[in-house]
Every structure is written in structure tokens, then in C-alpha cells.
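Undergrad: One structure, pasted below without further comment.
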Amino acid sequence: MGRDAVWVGGVVLALAAGAGWLLWPHSGGTDYRLALGTVVRSADCGAPGARDALRIELLDGRALNAALDGCGNRKGEVLSVEVPDPLPGDQVLARLVGTGASAANATAQRLAAVAVAVAGIAGALLAWRLRQVRS
């Protein structure tokens, strides 16, 4: 009986840890900085992968060309965007401010992963106890 309890406990902990790891949000490792982008070429949104071309003005005064992860904006329109920090050496892909994964979303995902792991442990322990009562 004691050996069964250790074995069941180990399996439950392993499954809960695995579920928690699978559900835990993994960071892409990229930080972003704010910038202003002026649309220099608007792309028609009908084509797959359509992206507007921007002239980005970084808050430190530097300017660069980038593609916007979006389409259909008017030429000359000024947009608040986020660009990767540090800037990549090749093509820069900007995104509109607020369209990326927020920190609050990652916190909610972490809480959900912990809740799933706790619920899995509780359910497995309940099933194990019920099996003991019936035997």
C-alpha cells in the first residue's frame, strides 16, 4: 500500500508538472521600443501578407525604413508603433502599439497554468482516495 502511494504521487506530480510546463507562456525574448511611423506606401489588404511601408522615427532621433505588420493605412498617416529593441540588422518589422502580447495576458496564462496543475493534482488525489475507499 505504501509503495502504491509513492508511485501514484510521483505520477501525479509528473503529470501536473508537465501540464504546467506546456501551458506556461514562453517568452519570445524580444523587447520592443516605441516609435512613430509615417506611412510612405499603403498596401491593399486583399493580398495575403500585405504590409504597409513606413518611415520610422525613433524617439532618440534616428530614422529608418520598416514594414508594418498591417495594411490599409492612408499614405502620410502617422502611427504609434513598436519596433524590436535592439534593432535587427536586416528588415525591420513594426507593429501597432498594443497589438502584441501584453504582460497582463502572460500573467493570466501563468495563473491558468498553475490552476490546471493544482486541479490535476486534486483530481488525481480524489480518484486515488475513492479507489481506496471502494477496496
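Naming works like this for the C-alpha cells: A, B, ... for the chains as they're shown, residue 1 at the start of each chain, ligands 1 onward in shown order.
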List every residue of chain A that DSSP, applied to the backbone of this structure, places in strand (DSSP E), and write the result as a PyMOL selection string.

TA: chain A and resi 31-41+53-58+63-68+78-85+93-96

Undergrad: Identify all residues of chain A in helix (DSSP H, G or I) (DSSP on the backbone) and supply them as a PDB file with N, CA and C atoms, in the first residue's frame.

TA:
ATOM      1  N   GLY A   2       1.948   1.301   0.772  1.00  0.00           N
ATOM      2  CA  GLY A   2       2.819   2.457   0.850  1.00  0.00           C
ATOM      3  C   GLY A   2       3.540   2.715  -0.460  1.00  0.00           C
ATOM      4  N   ARG A   3       3.921   1.613  -1.124  1.00  0.00           N
ATOM      5  CA  ARG A   3       4.607   1.755  -2.401  1.00  0.00           C
ATOM      6  C   ARG A   3       3.673   2.304  -3.476  1.00  0.00           C
ATOM      7  N   ASP A   4       2.414   1.899  -3.412  1.00  0.00           N
ATOM      8  CA  ASP A   4       1.431   2.414  -4.364  1.00  0.00           C
ATOM      9  C   ASP A   4       1.241   3.928  -4.197  1.00  0.00           C
ATOM     10  N   ALA A   5       1.208   4.360  -2.937  1.00  0.00           N
ATOM     11  CA  ALA A   5       1.018   5.785  -2.672  1.00  0.00           C
ATOM     12  C   ALA A   5       2.175   6.600  -3.228  1.00  0.00           C
ATOM     13  N   VAL A   6       3.387   6.130  -3.069  1.00  0.00           N
ATOM     14  CA  VAL A   6       4.557   6.847  -3.594  1.00  0.00           C
ATOM     15  C   VAL A   6       4.530   6.859  -5.112  1.00  0.00           C
ATOM     16  N   TRP A   7       4.169   5.727  -5.702  1.00  0.00           N
ATOM     17  CA  TRP A   7       4.120   5.635  -7.158  1.00  0.00           C
ATOM     18  C   TRP A   7       3.047   6.563  -7.714  1.00  0.00           C
ATOM     19  N   VAL A   8       1.844   6.536  -7.143  1.00  0.00           N
ATOM     20  CA  VAL A   8       0.756   7.391  -7.604  1.00  0.00           C
ATOM     21  C   VAL A   8       1.121   8.856  -7.408  1.00  0.00           C
ATOM     22  N   GLY A   9       1.701   9.185  -6.262  1.00  0.00           N
ATOM     23  CA  GLY A   9       2.114  10.567  -6.012  1.00  0.00           C
ATOM     24  C   GLY A   9       3.136  11.044  -7.022  1.00  0.00           C
ATOM     25  N   GLY A  10       4.091  10.209  -7.371  1.00  0.00           N
ATOM     26  CA  GLY A  10       5.102  10.578  -8.360  1.00  0.00           C
ATOM     27  C   GLY A  10       4.507  10.799  -9.741  1.00  0.00           C
ATOM     28  N   VAL A  11       3.576   9.926 -10.122  1.00  0.00           N
ATOM     29  CA  VAL A  11       2.925  10.065 -11.432  1.00  0.00           C
ATOM     30  C   VAL A  11       2.098  11.350 -11.477  1.00  0.00           C
ATOM     31  N   VAL A  12       1.356  11.605 -10.402  1.00  0.00           N
ATOM     32  CA  VAL A  12       0.522  12.813 -10.352  1.00  0.00           C
ATOM     33  C   VAL A  12       1.386  14.063 -10.435  1.00  0.00           C
ATOM     34  N   LEU A  13       2.469  14.100  -9.676  1.00  0.00           N
ATOM     35  CA  LEU A  13       3.353  15.270  -9.722  1.00  0.00           C
ATOM     36  C   LEU A  13       3.987  15.448 -11.094  1.00  0.00           C
ATOM     37  N   ALA A  14       4.384  14.344 -11.722  1.00  0.00           N
ATOM     38  CA  ALA A  14       4.986  14.430 -13.050  1.00  0.00           C
ATOM     39  C   ALA A  14       3.980  14.943 -14.080  1.00  0.00           C
ATOM     40  N   LEU A  15       2.750  14.454 -14.019  1.00  0.00           N
ATOM     41  CA  LEU A  15       1.729  14.911 -14.956  1.00  0.00           C
ATOM     42  C   LEU A  15       1.374  16.378 -14.729  1.00  0.00           C
ATOM     43  N   ALA A  16       1.259  16.770 -13.462  1.00  0.00           N
ATOM     44  CA  ALA A  16       0.944  18.166 -13.158  1.00  0.00           C
ATOM     45  C   ALA A  16       2.072  19.092 -13.601  1.00  0.00           C
ATOM     46  N   ALA A  17       3.302  18.680 -13.363  1.00  0.00           N
ATOM     47  CA  ALA A  17       4.445  19.495 -13.793  1.00  0.00           C
ATOM     48  C   ALA A  17       4.492  19.592 -15.320  1.00  0.00           C
ATOM     49  N   GLY A  18       4.215  18.495 -16.003  1.00  0.00           N
ATOM     50  CA  GLY A  18       4.197  18.510 -17.466  1.00  0.00           C
ATOM     51  C   GLY A  18       3.117  19.415 -18.019  1.00  0.00           C
ATOM     52  N   ALA A  19       1.921  19.349 -17.440  1.00  0.00           N
ATOM     53  CA  ALA A  19       0.826  20.208 -17.895  1.00  0.00           C
ATOM     54  C   ALA A  19       1.153  21.679 -17.629  1.00  0.00           C
ATOM     55  N   GLY A  20       1.708  21.948 -16.461  1.00  0.00           N
ATOM     56  CA  GLY A  20       2.086  23.321 -16.146  1.00  0.00           C
ATOM     57  C   GLY A  20       3.149  23.856 -17.096  1.00  0.00           C
ATOM     58  N   TRP A  21       4.132  23.027 -17.420  1.00  0.00           N
ATOM     59  CA  TRP A  21       5.199  23.460 -18.337  1.00  0.00           C
ATOM     60  C   TRP A  21       4.638  23.716 -19.740  1.00  0.00           C
ATOM     61  N   LEU A  22       3.734  22.841 -20.201  1.00  0.00           N
ATOM     62  CA  LEU A  22       3.166  23.020 -21.537  1.00  0.00           C
ATOM     63  C   LEU A  22       2.305  24.282 -21.630  1.00  0.00           C
ATOM     64  N   LEU A  23       1.617  24.622 -20.545  1.00  0.00           N
ATOM     65  CA  LEU A  23       0.726  25.775 -20.559  1.00  0.00           C
ATOM     66  C   LEU A  23       1.423  27.083 -20.187  1.00  0.00           C
ATOM     67  N   ALA A 103       1.787  42.129 -20.905  1.00  0.00           N
ATOM     68  CA  ALA A 103       2.273  41.490 -19.684  1.00  0.00           C
ATOM     69  C   ALA A 103       1.109  40.935 -18.875  1.00  0.00           C
ATOM     70  N   ALA A 104      -0.041  41.607 -18.893  1.00  0.00           N
ATOM     71  CA  ALA A 104      -1.212  41.119 -18.162  1.00  0.00           C
ATOM     72  C   ALA A 104      -1.686  39.794 -18.738  1.00  0.00           C
ATOM     73  N   ASN A 105      -1.608  39.644 -20.063  1.00  0.00           N
ATOM     74  CA  ASN A 105      -2.000  38.405 -20.700  1.00  0.00           C
ATOM     75  C   ASN A 105      -1.075  37.269 -20.273  1.00  0.00           C
ATOM     76  N   ALA A 106       0.223  37.521 -20.191  1.00  0.00           N
ATOM     77  CA  ALA A 106       1.174  36.498 -19.767  1.00  0.00           C
ATOM     78  C   ALA A 106       0.923  36.102 -18.316  1.00  0.00           C
ATOM     79  N   THR A 107       0.590  37.074 -17.466  1.00  0.00           N
ATOM     80  CA  THR A 107       0.286  36.767 -16.066  1.00  0.00           C
ATOM     81  C   THR A 107      -0.959  35.895 -15.967  1.00  0.00           C
ATOM     82  N   ALA A 108      -1.973  36.205 -16.750  1.00  0.00           N
ATOM     83  CA  ALA A 108      -3.191  35.394 -16.747  1.00  0.00           C
ATOM     84  C   ALA A 108      -2.899  33.974 -17.222  1.00  0.00           C
ATOM     85  N   GLN A 109      -2.038  33.826 -18.229  1.00  0.00           N
ATOM     86  CA  GLN A 109      -1.673  32.498 -18.711  1.00  0.00           C
ATOM     87  C   GLN A 109      -0.910  31.723 -17.645  1.00  0.00           C
ATOM     88  N   ARG A 110      -0.051  32.397 -16.908  1.00  0.00           N
ATOM     89  CA  ARG A 110       0.696  31.723 -15.845  1.00  0.00           C
ATOM     90  C   ARG A 110      -0.246  31.254 -14.738  1.00  0.00           C
ATOM     91  N   LEU A 111      -1.189  32.118 -14.348  1.00  0.00           N
ATOM     92  CA  LEU A 111      -2.159  31.729 -13.324  1.00  0.00           C
ATOM     93  C   LEU A 111      -3.012  30.554 -13.796  1.00  0.00           C
ATOM     94  N   ALA A 112      -3.397  30.554 -15.055  1.00  0.00           N
ATOM     95  CA  ALA A 112      -4.183  29.448 -15.596  1.00  0.00           C
ATOM     96  C   ALA A 112      -3.378  28.154 -15.590  1.00  0.00           C
ATOM     97  N   ALA A 113      -2.080  28.225 -15.909  1.00  0.00           N
ATOM     98  CA  ALA A 113      -1.239  27.023 -15.898  1.00  0.00           C
ATOM     99  C   ALA A 113      -1.120  26.457 -14.495  1.00  0.00           C
ATOM    100  N   VAL A 114      -0.946  27.327 -13.506  1.00  0.00           N
ATOM    101  CA  VAL A 114      -0.860  26.870 -12.116  1.00  0.00           C
ATOM    102  C   VAL A 114      -2.193  26.264 -11.688  1.00  0.00           C
ATOM    103  N   ALA A 115      -3.305  26.888 -12.068  1.00  0.00           N
ATOM    104  CA  ALA A 115      -4.621  26.372 -11.708  1.00  0.00           C
ATOM    105  C   ALA A 115      -4.869  25.002 -12.323  1.00  0.00           C
ATOM    106  N   VAL A 116      -4.447  24.790 -13.558  1.00  0.00           N
ATOM    107  CA  VAL A 116      -4.607  23.476 -14.196  1.00  0.00           C
ATOM    108  C   VAL A 116      -3.777  22.431 -13.466  1.00  0.00           C
ATOM    109  N   ALA A 117      -2.554  22.775 -13.091  1.00  0.00           N
ATOM    110  CA  ALA A 117      -1.711  21.827 -12.370  1.00  0.00           C
ATOM    111  C   ALA A 117      -2.322  21.469 -11.015  1.00  0.00           C
ATOM    112  N   VAL A 118      -2.822  22.456 -10.281  1.00  0.00           N
ATOM    113  CA  VAL A 118      -3.441  22.197  -8.972  1.00  0.00           C
ATOM    114  C   VAL A 118      -4.697  21.357  -9.139  1.00  0.00           C
ATOM    115  N   ALA A 119      -5.517  21.681 -10.142  1.00  0.00           N
ATOM    116  CA  ALA A 119      -6.732  20.907 -10.378  1.00  0.00           C
ATOM    117  C   ALA A 119      -6.408  19.462 -10.756  1.00  0.00           C
ATOM    118  N   GLY A 120      -5.350  19.271 -11.536  1.00  0.00           N
ATOM    119  CA  GLY A 120      -4.945  17.912 -11.895  1.00  0.00           C
ATOM    120  C   GLY A 120      -4.510  17.113 -10.683  1.00  0.00           C
ATOM    121  N   ILE A 121      -3.736  17.736  -9.817  1.00  0.00           N
ATOM    122  CA  ILE A 121      -3.292  17.055  -8.596  1.00  0.00           C
ATOM    123  C   ILE A 121      -4.500  16.721  -7.719  1.00  0.00           C
ATOM    124  N   ALA A 122      -5.412  17.676  -7.540  1.00  0.00           N
ATOM    125  CA  ALA A 122      -6.592  17.448  -6.700  1.00  0.00           C
ATOM    126  C   ALA A 122      -7.464  16.338  -7.264  1.00  0.00           C
ATOM    127  N   GLY A 123      -7.682  16.338  -8.554  1.00  0.00           N
ATOM    128  CA  GLY A 123      -8.493  15.290  -9.172  1.00  0.00           C
ATOM    129  C   GLY A 123      -7.866  13.911  -9.048  1.00  0.00           C
ATOM    130  N   ALA A 124      -6.561  13.845  -9.253  1.00  0.00           N
ATOM    131  CA  ALA A 124      -5.878  12.551  -9.140  1.00  0.00           C
ATOM    132  C   ALA A 124      -5.899  12.043  -7.706  1.00  0.00           C
ATOM    133  N   LEU A 125      -5.702  12.932  -6.739  1.00  0.00           N
ATOM    134  CA  LEU A 125      -5.749  12.510  -5.338  1.00  0.00           C
ATOM    135  C   LEU A 125      -7.153  12.080  -4.937  1.00  0.00           C
ATOM    136  N   LEU A 126      -8.177  12.751  -5.445  1.00  0.00           N
ATOM    137  CA  LEU A 126      -9.551  12.356  -5.158  1.00  0.00           C
ATOM    138  C   LEU A 126      -9.834  10.975  -5.734  1.00  0.00           C
ATOM    139  N   ALA A 127      -9.428  10.736  -6.973  1.00  0.00           N
ATOM    140  CA  ALA A 127      -9.635   9.418  -7.582  1.00  0.00           C
ATOM    141  C   ALA A 127      -8.890   8.343  -6.808  1.00  0.00           C
ATOM    142  N   TRP A 128      -7.699   8.639  -6.367  1.00  0.00           N
ATOM    143  CA  TRP A 128      -6.922   7.669  -5.602  1.00  0.00           C
ATOM    144  C   TRP A 128      -7.603   7.353  -4.276  1.00  0.00           C
ATOM    145  N   ARG A 129      -8.117   8.391  -3.578  1.00  0.00           N
ATOM    146  CA  ARG A 129      -8.820   8.185  -2.303  1.00  0.00           C
ATOM    147  C   ARG A 129     -10.101   7.384  -2.502  1.00  0.00           C
ATOM    148  N   LEU A 130     -10.845   7.689  -3.559  1.00  0.00           N
ATOM    149  CA  LEU A 130     -12.068   6.940  -3.817  1.00  0.00           C
ATOM    150  C   LEU A 130     -11.785   5.470  -4.121  1.00  0.00           C
ATOM    151  N   ARG A 131     -10.682   5.231  -4.806  1.00  0.00           N
ATOM    152  CA  ARG A 131     -10.287   3.838  -5.076  1.00  0.00           C
ATOM    153  C   ARG A 131      -9.967   3.123  -3.779  1.00  0.00           C
ATOM    154  N   GLN A 132      -9.321   3.814  -2.841  1.00  0.00           N
ATOM    155  CA  GLN A 132      -9.006   3.198  -1.544  1.00  0.00           C
ATOM    156  C   GLN A 132     -10.260   2.907  -0.753  1.00  0.00           C
ATOM    157  N   VAL A 133     -11.248   3.800  -0.798  1.00  0.00           N
ATOM    158  CA  VAL A 133     -12.492   3.604  -0.038  1.00  0.00           C
ATOM    159  C   VAL A 133     -13.251   2.399  -0.578  1.00  0.00           C
ATOM    160  N   ARG A 134     -13.284   2.200  -1.880  1.00  0.00           N
ATOM    161  CA  ARG A 134     -14.021   1.092  -2.501  1.00  0.00           C
ATOM    162  C   ARG A 134     -13.320  -0.235  -2.305  1.00  0.00           C
TER     163      ARG A 134
END

Undergrad: Distance atom CA of A:Val40-atom CA of A:Gln91, one decimal place?

TA: 15.8 Å

Undergrad: List as a PyMOL selection string the protein and nucleic acid residues near A:Gly37, meaning an atom at most 10 Å away when only C-alpha atoms are counted, but skip any in the same chain fewer than 3 places from it.

TA: chain A and resi 34+40+53-58+63-68+76-83+94-96
